[in-house]
$ cat model_34.cif   # mmCIF, C-alpha atoms (C1' of nucleotides)
data_input
loop_
_atom_site.label_atom_id
_atom_site.label_comp_id
_atom_site.auth_asym_id
_atom_site.auth_seq_id
_atom_site.Cartn_x
_atom_site.Cartn_y
_atom_site.Cartn_z
CA MET A 1 -29.41 -59.78 14.03
CA PRO A 2 -30.96 -57.27 11.62
CA ARG A 3 -31.36 -53.67 12.68
CA ASN A 4 -34.69 -51.97 12.54
CA ARG A 5 -35.50 -48.81 10.69
CA GLU A 6 -34.81 -46.38 13.52
CA GLN A 7 -31.41 -47.87 14.18
CA ASN A 8 -30.54 -47.57 10.52
CA GLU A 9 -31.54 -43.95 10.40
CA LEU A 10 -29.63 -43.20 13.56
CA MET A 11 -26.51 -44.76 12.11
CA ARG A 12 -26.95 -42.89 8.90
CA SER A 13 -27.30 -39.55 10.61
CA GLN A 14 -24.33 -40.26 12.86
CA ARG A 15 -22.19 -41.11 9.87
CA THR A 16 -23.20 -38.03 7.92
CA GLU A 17 -22.55 -35.93 11.01
CA GLN A 18 -19.03 -37.33 11.31
CA ILE A 19 -18.34 -36.75 7.65
CA LEU A 20 -19.63 -33.20 7.77
CA ALA A 21 -17.66 -32.35 10.91
CA ALA A 22 -14.41 -33.75 9.58
CA SER A 23 -14.90 -32.08 6.23
CA LEU A 24 -15.66 -28.69 7.77
CA LYS A 25 -12.40 -28.88 9.65
CA LEU A 26 -10.40 -29.91 6.61
CA PHE A 27 -12.07 -27.58 4.12
CA ALA A 28 -11.54 -24.63 6.44
CA ARG A 29 -7.88 -25.44 6.82
CA ARG A 30 -6.94 -26.53 3.31
CA GLY A 31 -9.74 -25.46 1.00
CA LEU A 32 -11.93 -27.60 -1.20
CA SER A 33 -9.51 -28.77 -3.79
CA ALA A 34 -6.53 -29.50 -1.53
CA THR A 35 -8.74 -31.69 0.66
CA LYS A 36 -8.71 -35.26 -0.54
CA ILE A 37 -11.47 -37.76 0.02
CA SER A 38 -8.81 -39.92 1.60
CA ASP A 39 -8.17 -37.11 4.12
CA ILE A 40 -11.81 -37.09 5.08
CA ALA A 41 -11.77 -40.87 5.34
CA ALA A 42 -8.69 -40.79 7.58
CA GLU A 43 -10.14 -38.03 9.78
CA THR A 44 -13.36 -39.97 10.34
CA GLY A 45 -11.69 -43.36 10.56
CA MET A 46 -13.88 -44.64 7.74
CA SER A 47 -12.75 -46.20 4.50
CA GLN A 48 -12.74 -44.12 1.37
CA GLY A 49 -15.48 -46.22 -0.14
CA LEU A 50 -17.76 -45.61 2.79
CA ILE A 51 -17.69 -41.86 2.26
CA TYR A 52 -19.17 -42.48 -1.17
CA HIS A 53 -21.89 -44.55 0.37
CA TYR A 54 -23.18 -41.37 2.01
CA TYR A 55 -22.21 -38.65 -0.42
CA SER A 56 -21.76 -38.93 -4.13
CA SER A 57 -18.89 -36.48 -4.34
CA LYS A 58 -16.62 -34.11 -2.46
CA GLU A 59 -18.55 -31.24 -4.00
CA GLU A 60 -21.78 -32.48 -2.51
CA ILE A 61 -20.26 -32.49 0.97
CA TYR A 62 -18.91 -29.01 0.46
CA THR A 63 -22.23 -27.65 -0.74
CA GLU A 64 -23.98 -29.19 2.23
CA ILE A 65 -21.61 -27.46 4.63
CA ILE A 66 -22.07 -24.08 2.99
CA LYS A 67 -25.83 -24.49 3.35
CA ASP A 68 -25.38 -25.36 7.00
CA ALA A 69 -23.26 -22.28 7.54
CA PHE A 70 -25.95 -19.98 6.18
CA ARG A 71 -28.71 -21.78 8.01
CA ARG A 72 -26.93 -20.99 11.27
CA LEU A 73 -26.00 -17.46 10.36
CA ASN A 74 -29.42 -16.54 9.03
CA GLU A 75 -31.06 -17.96 12.11
CA ALA A 76 -28.87 -15.85 14.38
CA VAL A 77 -29.43 -12.75 12.26
CA THR A 78 -33.19 -13.21 12.26
CA ILE A 79 -33.22 -13.57 16.03
CA LEU A 80 -31.22 -10.37 16.24
CA LYS A 81 -33.65 -8.61 13.95
CA ASN A 82 -36.66 -9.58 16.02
CA ILE A 83 -35.34 -9.36 19.54
CA GLN A 84 -36.86 -6.55 21.63
CA LEU A 85 -33.91 -4.30 22.30
CA PRO A 86 -32.86 -0.79 21.31
CA PRO A 87 -30.57 -0.76 18.25
CA GLU A 88 -27.37 0.07 20.08
CA GLU A 89 -27.89 -2.84 22.44
CA LYS A 90 -28.61 -5.17 19.55
CA ILE A 91 -25.24 -4.35 18.10
CA LYS A 92 -23.53 -4.87 21.42
CA LYS A 93 -25.27 -8.21 21.90
CA ALA A 94 -24.37 -9.24 18.37
CA PHE A 95 -20.69 -8.49 18.87
CA GLU A 96 -20.62 -10.21 22.23
CA GLY A 97 -22.40 -13.28 20.97
CA LEU A 98 -20.23 -13.58 17.90
CA LEU A 99 -17.01 -13.04 19.84
CA ILE A 100 -17.89 -15.56 22.50
CA ASN A 101 -18.72 -18.14 19.86
CA LEU A 102 -15.55 -17.38 18.00
CA GLU A 103 -13.51 -17.88 21.12
CA LYS A 104 -15.07 -21.04 22.43
CA SER A 105 -16.13 -22.90 19.33
CA ASP A 106 -13.73 -24.15 16.71
CA ASP A 107 -16.58 -24.78 14.34
CA SER A 108 -18.03 -21.31 14.61
CA ALA A 109 -14.81 -19.76 13.38
CA ARG A 110 -14.53 -22.43 10.70
CA TYR A 111 -17.98 -21.66 9.33
CA HIS A 112 -17.26 -17.95 9.12
CA TYR A 113 -13.94 -18.53 7.50
CA LEU A 114 -15.22 -21.13 5.07
CA VAL A 115 -18.02 -18.87 3.88
CA ALA A 116 -15.57 -16.04 3.44
CA GLN A 117 -13.27 -18.26 1.42
CA ALA A 118 -16.13 -19.63 -0.63
CA SER A 119 -17.43 -16.13 -1.34
CA VAL A 120 -14.14 -15.16 -2.93
CA SER A 121 -13.46 -18.35 -4.82
CA ASP A 122 -14.90 -19.17 -8.18
CA ALA A 123 -13.58 -22.71 -7.94
CA ILE A 124 -16.54 -23.98 -5.95
CA PRO A 125 -19.53 -26.16 -6.90
CA GLU A 126 -22.53 -24.54 -8.58
CA GLY A 127 -24.84 -25.38 -5.69
CA ALA A 128 -22.57 -23.65 -3.21
CA LYS A 129 -22.28 -20.63 -5.45
CA LYS A 130 -26.05 -20.37 -5.64
CA THR A 131 -26.45 -20.60 -1.87
CA ILE A 132 -23.91 -17.84 -1.42
CA MET A 133 -25.53 -15.55 -3.97
CA GLU A 134 -28.93 -16.00 -2.39
CA ASN A 135 -27.81 -15.43 1.18
CA ARG A 136 -24.79 -13.23 1.34
CA ASP A 137 -26.56 -9.87 1.48
CA TYR A 138 -28.99 -10.68 4.24
CA PRO A 139 -26.72 -10.13 7.27
CA TYR A 140 -25.45 -6.86 5.81
CA GLN A 141 -28.96 -5.63 5.17
CA ILE A 142 -30.24 -6.39 8.64
CA MET A 143 -27.26 -4.75 10.29
CA GLU A 144 -27.70 -1.69 8.12
CA GLU A 145 -31.35 -1.43 9.15
CA ILE A 146 -30.46 -1.65 12.80
CA ILE A 147 -27.84 1.04 12.39
CA ARG A 148 -30.26 3.32 10.52
CA GLU A 149 -32.81 2.95 13.26
CA GLY A 150 -30.26 3.78 15.93
CA GLN A 151 -29.13 6.84 14.03
CA GLU A 152 -32.70 8.10 13.81
CA GLN A 153 -32.99 7.68 17.54
CA GLY A 154 -29.69 9.47 18.00
CA THR A 155 -27.99 6.61 19.84
CA ILE A 156 -25.59 5.55 17.08
CA LYS A 157 -22.84 7.57 15.44
CA LYS A 158 -23.80 9.15 12.16
CA TYR A 159 -21.41 7.63 9.65
CA ASP A 160 -22.70 6.06 6.45
CA PRO A 161 -24.85 3.13 7.66
CA ASN A 162 -23.88 0.97 4.73
CA GLN A 163 -20.18 1.44 5.50
CA MET A 164 -20.81 0.76 9.16
CA SER A 165 -22.57 -2.48 8.36
CA VAL A 166 -19.71 -3.55 6.12
CA ILE A 167 -17.28 -2.76 8.90
CA PHE A 168 -19.34 -4.72 11.40
CA TRP A 169 -19.20 -7.90 9.36
CA THR A 170 -15.71 -7.57 7.94
CA THR A 171 -14.42 -7.10 11.47
CA ILE A 172 -16.01 -10.38 12.43
CA LYS A 173 -14.64 -12.11 9.36
CA GLY A 174 -11.19 -10.72 10.07
CA LEU A 175 -11.31 -12.04 13.60
CA ALA A 176 -12.57 -15.41 12.41
CA PHE A 177 -9.52 -15.48 10.21
CA HIS A 178 -7.26 -14.76 13.08
CA ARG A 179 -8.98 -17.44 15.11
CA ALA A 180 -8.44 -19.91 12.31
CA VAL A 181 -4.73 -19.12 12.39
CA LEU A 182 -4.29 -19.25 16.16
CA GLY A 183 -6.66 -22.08 16.99
CA ASN A 184 -7.71 -22.16 20.61
CA ARG A 185 -4.85 -19.93 21.68
CA PHE A 186 -7.10 -17.18 20.33
CA LYS A 187 -8.39 -14.72 22.90
CA ALA A 188 -11.31 -12.63 21.67
CA PRO A 189 -10.91 -8.88 22.08
CA SER A 190 -13.33 -6.94 24.21
CA ALA A 191 -16.55 -5.96 22.44
CA ASP A 192 -16.17 -2.51 23.98
CA ILE A 193 -13.34 -1.62 21.63
CA LEU A 194 -15.43 -2.47 18.61
CA MET A 195 -18.44 -0.67 20.01
CA GLU A 196 -16.47 2.59 19.98
CA MET A 197 -17.18 2.73 16.25
CA PHE A 198 -20.91 2.64 16.83
CA ILE A 199 -21.77 4.48 20.06
CA MET B 1 19.60 -11.88 -35.35
CA PRO B 2 20.85 -12.87 -31.87
CA ARG B 3 19.88 -10.84 -28.86
CA ASN B 4 22.42 -9.45 -26.49
CA ARG B 5 22.59 -10.07 -22.80
CA GLU B 6 20.55 -7.06 -21.67
CA GLN B 7 17.73 -7.92 -24.03
CA ASN B 8 17.65 -11.47 -22.73
CA GLU B 9 17.48 -10.32 -19.16
CA LEU B 10 14.76 -7.83 -19.97
CA MET B 11 12.71 -10.53 -21.61
CA ARG B 12 13.27 -12.85 -18.71
CA SER B 13 12.14 -10.30 -16.16
CA GLN B 14 9.11 -9.39 -18.24
CA ARG B 15 8.09 -13.00 -18.49
CA THR B 16 8.50 -13.67 -14.80
CA GLU B 17 6.54 -10.50 -14.08
CA GLN B 18 3.69 -11.69 -16.26
CA ILE B 19 3.69 -15.11 -14.66
CA LEU B 20 3.74 -13.67 -11.16
CA ALA B 21 0.94 -11.19 -11.89
CA ALA B 22 -1.31 -13.79 -13.45
CA SER B 23 -0.61 -16.26 -10.67
CA LEU B 24 -1.33 -13.75 -7.92
CA LYS B 25 -4.70 -13.09 -9.48
CA LEU B 26 -5.52 -16.76 -9.84
CA PHE B 27 -4.14 -17.91 -6.48
CA ALA B 28 -6.06 -15.18 -4.69
CA ARG B 29 -9.27 -16.18 -6.38
CA ARG B 30 -9.02 -19.98 -6.38
CA GLY B 31 -6.27 -20.94 -4.01
CA LEU B 32 -3.07 -22.82 -4.75
CA SER B 33 -4.36 -26.25 -5.47
CA ALA B 34 -7.38 -25.28 -7.56
CA THR B 35 -5.18 -23.17 -9.81
CA LYS B 36 -3.79 -25.21 -12.67
CA ILE B 37 -0.59 -24.47 -14.53
CA SER B 38 -2.75 -24.46 -17.63
CA ASP B 39 -4.79 -21.63 -16.09
CA ILE B 40 -1.66 -19.58 -15.57
CA ALA B 41 -0.56 -20.36 -19.11
CA ALA B 42 -3.93 -19.28 -20.49
CA GLU B 43 -3.96 -16.09 -18.41
CA THR B 44 -0.52 -15.06 -19.63
CA GLY B 45 -1.03 -16.29 -23.18
CA MET B 46 2.03 -18.51 -22.89
CA SER B 47 2.22 -22.23 -23.45
CA GLN B 48 2.28 -24.55 -20.50
CA GLY B 49 5.83 -25.59 -21.28
CA LEU B 50 7.06 -22.03 -21.20
CA ILE B 51 5.92 -21.56 -17.64
CA TYR B 52 8.27 -24.37 -16.67
CA HIS B 53 11.08 -22.63 -18.47
CA TYR B 54 10.89 -19.90 -15.85
CA TYR B 55 9.70 -21.73 -12.76
CA SER B 56 10.23 -25.32 -11.87
CA SER B 57 6.87 -25.82 -10.20
CA LYS B 58 3.60 -24.21 -9.20
CA GLU B 59 4.83 -24.24 -5.61
CA GLU B 60 7.86 -22.18 -6.53
CA ILE B 61 5.65 -19.50 -8.07
CA TYR B 62 3.44 -19.48 -5.02
CA THR B 63 6.35 -19.19 -2.63
CA GLU B 64 7.78 -16.33 -4.64
CA ILE B 65 4.51 -14.43 -4.41
CA ILE B 66 4.26 -14.91 -0.67
CA LYS B 67 7.76 -13.53 -0.30
CA ASP B 68 6.80 -10.54 -2.43
CA ALA B 69 3.77 -9.91 -0.28
CA PHE B 70 5.85 -9.74 2.88
CA ARG B 71 8.57 -7.66 1.23
CA ARG B 72 5.94 -5.04 0.47
CA LEU B 73 4.17 -5.25 3.79
CA ASN B 74 7.37 -5.15 5.85
CA GLU B 75 8.63 -2.20 3.89
CA ALA B 76 5.43 -0.26 4.56
CA VAL B 77 5.46 -1.21 8.23
CA THR B 78 9.07 -0.17 8.65
CA ILE B 79 8.35 3.19 7.06
CA LEU B 80 5.48 3.60 9.47
CA LYS B 81 7.70 2.70 12.40
CA ASN B 82 10.31 5.29 11.48
CA ILE B 83 8.23 8.15 10.22
CA GLN B 84 8.30 11.25 12.42
CA LEU B 85 4.72 11.55 13.58
CA PRO B 86 2.89 11.23 16.88
CA PRO B 87 1.45 7.72 17.43
CA GLU B 88 -2.17 8.62 16.86
CA GLU B 89 -1.34 10.18 13.52
CA LYS B 90 0.71 7.17 12.52
CA ILE B 91 -2.34 5.00 13.01
CA LYS B 92 -4.50 7.38 11.03
CA LYS B 93 -1.97 7.48 8.20
CA ALA B 94 -1.68 3.70 8.25
CA PHE B 95 -5.44 3.22 7.95
CA GLU B 96 -5.72 5.81 5.22
CA GLY B 97 -2.83 4.41 3.23
CA LEU B 98 -4.06 0.85 3.51
CA LEU B 99 -7.64 1.76 2.63
CA ILE B 100 -6.65 3.82 -0.39
CA ASN B 101 -4.48 1.01 -1.68
CA LEU B 102 -7.23 -1.49 -1.06
CA GLU B 103 -9.66 0.60 -3.04
CA LYS B 104 -7.54 1.47 -6.01
CA SER B 105 -5.28 -1.52 -6.44
CA ASP B 106 -6.51 -4.99 -7.25
CA ASP B 107 -3.14 -6.45 -6.37
CA SER B 108 -2.93 -4.83 -2.97
CA ALA B 109 -6.12 -6.56 -1.85
CA ARG B 110 -4.93 -9.78 -3.44
CA TYR B 111 -1.69 -9.78 -1.51
CA HIS B 112 -3.46 -9.23 1.78
CA TYR B 113 -6.00 -11.88 1.06
CA LEU B 114 -3.46 -14.39 -0.21
CA VAL B 115 -1.31 -14.01 2.88
CA ALA B 116 -4.36 -14.43 5.06
CA GLN B 117 -5.33 -17.57 3.20
CA ALA B 118 -1.80 -18.92 3.28
CA SER B 119 -1.53 -18.26 7.01
CA VAL B 120 -4.51 -20.48 7.68
CA SER B 121 -3.73 -23.24 5.25
CA ASP B 122 -1.38 -26.07 5.97
CA ALA B 123 -1.54 -27.19 2.36
CA ILE B 124 1.14 -24.78 1.20
CA PRO B 125 4.78 -25.27 0.22
CA GLU B 126 7.43 -25.45 2.93
CA GLY B 127 9.17 -22.32 1.71
CA ALA B 128 5.98 -20.30 1.94
CA LYS B 129 5.29 -21.67 5.40
CA LYS B 130 8.72 -20.61 6.55
CA THR B 131 8.31 -17.09 5.16
CA ILE B 132 5.01 -16.75 6.95
CA MET B 133 6.36 -17.98 10.27
CA GLU B 134 9.29 -15.60 10.11
CA ASN B 135 7.28 -12.54 9.16
CA ARG B 136 3.78 -12.76 10.43
CA ASP B 137 4.34 -11.23 13.85
CA TYR B 138 6.23 -8.15 12.75
CA PRO B 139 3.27 -5.94 11.70
CA TYR B 140 1.42 -6.82 14.89
CA GLN B 141 4.42 -5.99 17.04
CA ILE B 142 5.05 -2.63 15.45
CA MET B 143 1.43 -1.60 15.72
CA GLU B 144 1.35 -2.67 19.34
CA GLU B 145 4.42 -0.53 20.07
CA ILE B 146 2.84 2.48 18.42
CA ILE B 147 -0.32 2.00 20.44
CA ARG B 148 1.63 1.64 23.70
CA GLU B 149 3.49 4.82 23.01
CA GLY B 150 0.29 6.70 22.28
CA GLN B 151 -1.28 5.40 25.46
CA GLU B 152 1.65 6.64 27.50
CA GLN B 153 1.23 10.03 25.92
CA GLY B 154 -2.50 9.89 26.66
CA THR B 155 -3.58 10.28 23.04
CA ILE B 156 -4.84 6.76 22.46
CA LYS B 157 -7.65 4.94 24.23
CA LYS B 158 -6.53 2.63 27.01
CA TYR B 159 -7.69 -0.80 25.94
CA ASP B 160 -5.28 -3.72 25.88
CA PRO B 161 -2.65 -2.73 23.28
CA ASN B 162 -2.23 -6.27 22.07
CA GLN B 163 -5.96 -6.58 21.42
CA MET B 164 -5.99 -3.22 19.70
CA SER B 165 -3.19 -4.24 17.40
CA VAL B 166 -4.98 -7.46 16.53
CA ILE B 167 -8.11 -5.47 15.76
CA PHE B 168 -6.16 -3.06 13.60
CA TRP B 169 -4.84 -5.79 11.35
CA THR B 170 -7.84 -8.07 11.33
CA THR B 171 -9.98 -5.14 10.28
CA ILE B 172 -7.70 -4.61 7.30
CA LYS B 173 -7.74 -8.30 6.47
CA GLY B 174 -11.52 -8.36 6.72
CA LEU B 175 -11.80 -5.43 4.34
CA ALA B 176 -9.30 -7.01 1.95
CA PHE B 177 -11.62 -9.99 1.93
CA HIS B 178 -14.58 -7.88 1.12
CA ARG B 179 -12.62 -6.18 -1.63
CA ALA B 180 -11.71 -9.57 -3.07
CA VAL B 181 -15.41 -10.45 -3.20
CA LEU B 182 -16.63 -7.17 -4.68
CA GLY B 183 -13.73 -6.42 -7.02
CA ASN B 184 -13.56 -2.81 -8.08
CA ARG B 185 -17.14 -2.13 -7.04
CA PHE B 186 -15.62 -1.96 -3.56
CA LYS B 187 -15.78 1.43 -1.89
CA ALA B 188 -13.45 1.76 1.09
CA PRO B 189 -15.07 2.99 4.30
CA SER B 190 -13.91 6.19 5.91
CA ALA B 191 -10.84 5.82 8.11
CA ASP B 192 -12.60 8.03 10.67
CA ILE B 193 -14.97 5.22 11.62
CA LEU B 194 -12.09 2.90 12.34
CA MET B 195 -10.18 5.60 14.21
CA GLU B 196 -13.01 5.81 16.74
CA MET B 197 -11.56 2.65 18.29
CA PHE B 198 -8.22 4.31 18.86
CA ILE B 199 -8.71 8.01 19.63
"C1'" DG C 1 -23.05 -51.08 5.85
"C1'" DT C 2 -18.39 -51.56 5.18
"C1'" DC C 3 -14.13 -52.77 3.19
"C1'" DT C 4 -10.41 -53.64 -0.55
"C1'" DA C 5 -9.16 -53.54 -5.14
"C1'" DT C 6 -9.27 -51.28 -9.41
"C1'" DA C 7 -10.56 -48.38 -13.48
"C1'" DT C 8 -10.37 -43.80 -15.22
"C1'" DC C 9 -9.15 -39.41 -15.70
"C1'" DC C 10 -6.63 -35.30 -15.31
"C1'" DA C 11 -2.99 -32.25 -13.75
"C1'" DG C 12 2.04 -31.66 -13.13
"C1'" DA C 13 6.11 -32.05 -15.16
"C1'" DT C 14 9.49 -33.47 -18.98
"C1'" DA C 15 11.49 -34.21 -23.76
"C1'" DG C 16 12.59 -32.84 -27.90
"C1'" DA C 17 11.65 -30.24 -32.25
"C1'" DC C 18 11.94 -25.64 -34.10
"C1'" DG D 1 12.99 -18.97 -25.99
"C1'" DT D 2 8.96 -21.23 -27.24
"C1'" DC D 3 5.88 -24.75 -28.61
"C1'" DT D 4 3.61 -29.55 -28.98
"C1'" DA D 5 3.54 -34.12 -27.59
"C1'" DT D 6 4.00 -37.28 -24.02
"C1'" DC D 7 5.03 -39.61 -19.59
"C1'" DT D 8 3.74 -40.33 -14.93
"C1'" DG D 9 1.58 -40.02 -10.64
"C1'" DG D 10 -2.07 -39.45 -7.84
"C1'" DA D 11 -6.99 -38.51 -6.78
"C1'" DT D 12 -11.93 -39.45 -7.78
"C1'" DA D 13 -15.14 -42.61 -8.18
"C1'" DT D 14 -16.83 -47.50 -8.97
"C1'" DA D 15 -17.23 -52.64 -8.46
"C1'" DG D 16 -17.70 -56.39 -6.01
"C1'" DA D 17 -16.73 -59.32 -1.90
"C1'" DC D 18 -18.08 -59.90 2.89
#

$ encode --input "model_34.cif" --output "structure tokens"
Amino acid sequence: MPRNREQNELMRSQRTEQILAASLKLFARRGLSATKISDIAAETGMSQGLIYHYYSSKEEIYTEIIKDAFRRLNEAVTILKNIQLPPEEKIKKAFEGLLINLEKSDDSARYHYLVAQASVSDAIPEGAKKTIMENRDYPYQIMEEIIREGQEQGTIKKYDPNQMSVIFWTTIKGLAFHRAVLGNRFKAPSADILMEMFI
Amino acid sequence: MPRNREQNELMRSQRTEQILAASLKLFARRGLSATKISDIAAETGMSQGLIYHYYSSKEEIYTEIIKDAFRRLNEAVTILKNIQLPPEEKIKKAFEGLLINLEKSDDSARYHYLVAQASVSDAIPEGAKKTIMENRDYPYQIMEEIIREGQEQGTIKKYDPNQMSVIFWTTIKGLAFHRAVLGNRFKAPSADILMEMFI
DNA sequence: GTCTATATCCAGATAGAC
DNA sequence: GTCTATCTGGATATAGAC
């Protein structure tokens, strides 16, 4: 009994989802080059050959995941930028949202950590490198703008806004790290502690 | 003209130094498995064969570097533990010392970042894994003790000391990350911003 | 779409000359 | 101690059957 077009597309998207999810997990834990296609196959329960039916190389999978990571991050950052709240509350909301995600979602921490790793490494595919170059400054810029605005209004401490933005994001990356080490034993710290640096 | 024993030992230690330095740089940037022995050879200017004269495998080099990293870190932490200063000033000194090192020394950031990476990865040699397991809690414990003491004396803010210790170290790791990305364009933030969380 | 079998290539490690 | 040449294993990617 032949499948129709919708069924085929559904299957295809399910398969690619599985591959991407398994690969994210493995790449975050072992890195690109220590992750074997056979690992991805084992993790998804597919054969090695079948992986190649959907992606032409390990690098292509990796690049796809990096793009996904920035899609998610940029979306969240843009929402933050546009939301109607005073600057100091934006920062609080951002911390809280990020920390909650970090605590409850394995994948959230994995994305953060993978991007961090990929940003440092020069042993990554060209496509991934390009995506990183094009996107990496955006979150820092937006946070810096928010901080500047708050400082003008007198609600945010008057340290160098660029430094403060760097601290905001490196704190998150550091915690994502820690989460990656501890797995779901990780308990996110209170956002209040972090907010002491800003208000 | 034959060399005497001291000259041989000097040469040996110079060679191993070179290999370790080059490997630290490469491992931090690309990870263990993406770093080839031929890369290390090229970076040191030695032949591939010569590397094997000093180390029996890539894993052995890696394990050695991880041990070095903890030797240095533990030494610094122990000094901090024993130095005669009130708790809040210990924390300040610790931040300042770590930030200055991060800014001026490539290797300092590399060690931090490499340990972070190694702590997450399960694709590392057994020996390295063991070293990490045995040492990773020590810095967190000491910092937590210092914080507890300061809280009893009323000089440090009264958030959960365990969370505060985690934040202390993850902040450093996050900044080491950032340093690894930016290289020597990195400008360390003021320790005062970070101290806002503690005093 | 999916699997098994296989070709190819490349990195790790060794051998042996100097 | 150092180099070049080589062996070997394992991972990527392909081919072809079902």

$ resolve_selection --input "model_34.cif" --expression "the PyMOL selection byres ((chain B) within 6 of (chain A))" --output "ChimeraX atom specification"
/B:29-30,33-34,120-121,123,163,170-171,173-175,181,189,193,196-197

$ axis_aligned_box --input "model_34.cif" --around "segment 42-47 of chain A" --padding-each-side "6 Å" --output "lines of an AutoDock Vina configuration file"
center_x = -11.3
center_y = -42.1
center_z = 7.5
size_x = 17.2
size_y = 20.2
size_z = 18.1

$ interface_residues --input "model_34.cif" --of "chain C" --to "chain B" --cutoff "12 Å" --atoms "all atoms listed in the file" --output "ChimeraX atom specification"
/C:10-16

$ interface_residues --input "model_34.cif" --of "chain B" --to "chain D" --cutoff "12 Å" --atoms "all atoms listed in the file" --output "list in words"
Pro2, Arg3, Asn8, Glu9, Met11, Arg12, Arg15, Gly45, Met46, Ser47, Gln48, Gly49, Leu50, Ile51, Tyr52, His53 and Tyr54 of chain B

$ residues_around --input "model_34.cif" --residues "segment 140-146 of chain B" --least-positions-apart "6" --cutoff "6 Å" --atoms "all atoms listed in the file" --output "ChimeraX atom specification"
/B:87,161-162,165

$ atom_distance --input "model_34.cif" --atom1 "atom CA of Val77 of chain B" --atom2 "atom CA of Asn184 of chain B"
25.1 Å

$ atom_distance --input "model_34.cif" --atom1 "atom CA of Ile65 of chain A" --atom2 "atom CA of Ser23 of chain A"
8.3 Å

$ atom_distance --input "model_34.cif" --atom1 "atom CA of Pro139 of chain A" --atom2 "atom CA of Asn74 of chain A"
7.2 Å

$ build_atoms --input "model_34.cif" --residues "segment 45-49 of chain A" --atoms "all heavy atoms" --output "PDB file, in the coordinates of the input"
ATOM      1  N   GLY A  45     -11.976 -41.960  10.296  1.00  0.00           N
ATOM      2  CA  GLY A  45     -11.690 -43.360  10.560  1.00  0.00           C
ATOM      3  C   GLY A  45     -12.475 -44.316   9.672  1.00  0.00           C
ATOM      4  O   GLY A  45     -12.490 -45.525   9.906  1.00  0.00           O
ATOM      5  N   MET A  46     -13.154 -43.767   8.678  1.00  0.00           N
ATOM      6  CA  MET A  46     -13.880 -44.640   7.740  1.00  0.00           C
ATOM      7  C   MET A  46     -12.986 -44.977   6.544  1.00  0.00           C
ATOM      8  O   MET A  46     -11.944 -44.383   6.341  1.00  0.00           O
ATOM      9  CB  MET A  46     -15.127 -43.943   7.199  1.00  0.00           C
ATOM     10  CG  MET A  46     -16.093 -43.439   8.251  1.00  0.00           C
ATOM     11  SD  MET A  46     -17.511 -42.592   7.493  1.00  0.00           S
ATOM     12  CE  MET A  46     -18.100 -41.641   8.911  1.00  0.00           C
ATOM     13  N   SER A  47     -13.443 -45.925   5.748  1.00  0.00           N
ATOM     14  CA  SER A  47     -12.750 -46.200   4.500  1.00  0.00           C
ATOM     15  C   SER A  47     -13.220 -45.183   3.463  1.00  0.00           C
ATOM     16  O   SER A  47     -14.273 -44.567   3.601  1.00  0.00           O
ATOM     17  CB  SER A  47     -13.053 -47.594   4.004  1.00  0.00           C
ATOM     18  OG  SER A  47     -14.383 -47.652   3.553  1.00  0.00           O
ATOM     19  N   GLN A  48     -12.410 -45.054   2.424  1.00  0.00           N
ATOM     20  CA  GLN A  48     -12.740 -44.120   1.370  1.00  0.00           C
ATOM     21  C   GLN A  48     -14.076 -44.482   0.713  1.00  0.00           C
ATOM     22  O   GLN A  48     -14.901 -43.616   0.430  1.00  0.00           O
ATOM     23  CB  GLN A  48     -11.621 -44.181   0.333  1.00  0.00           C
ATOM     24  CG  GLN A  48     -11.316 -42.877  -0.323  1.00  0.00           C
ATOM     25  CD  GLN A  48      -9.972 -42.932  -1.047  1.00  0.00           C
ATOM     26  OE1 GLN A  48      -8.979 -43.426  -0.502  1.00  0.00           O
ATOM     27  NE2 GLN A  48      -9.938 -42.442  -2.266  1.00  0.00           N
ATOM     28  N   GLY A  49     -14.245 -45.752   0.497  1.00  0.00           N
ATOM     29  CA  GLY A  49     -15.480 -46.220  -0.140  1.00  0.00           C
ATOM     30  C   GLY A  49     -16.721 -45.843   0.645  1.00  0.00           C
ATOM     31  O   GLY A  49     -17.760 -45.514   0.071  1.00  0.00           O
TER      32      GLY A  49
END
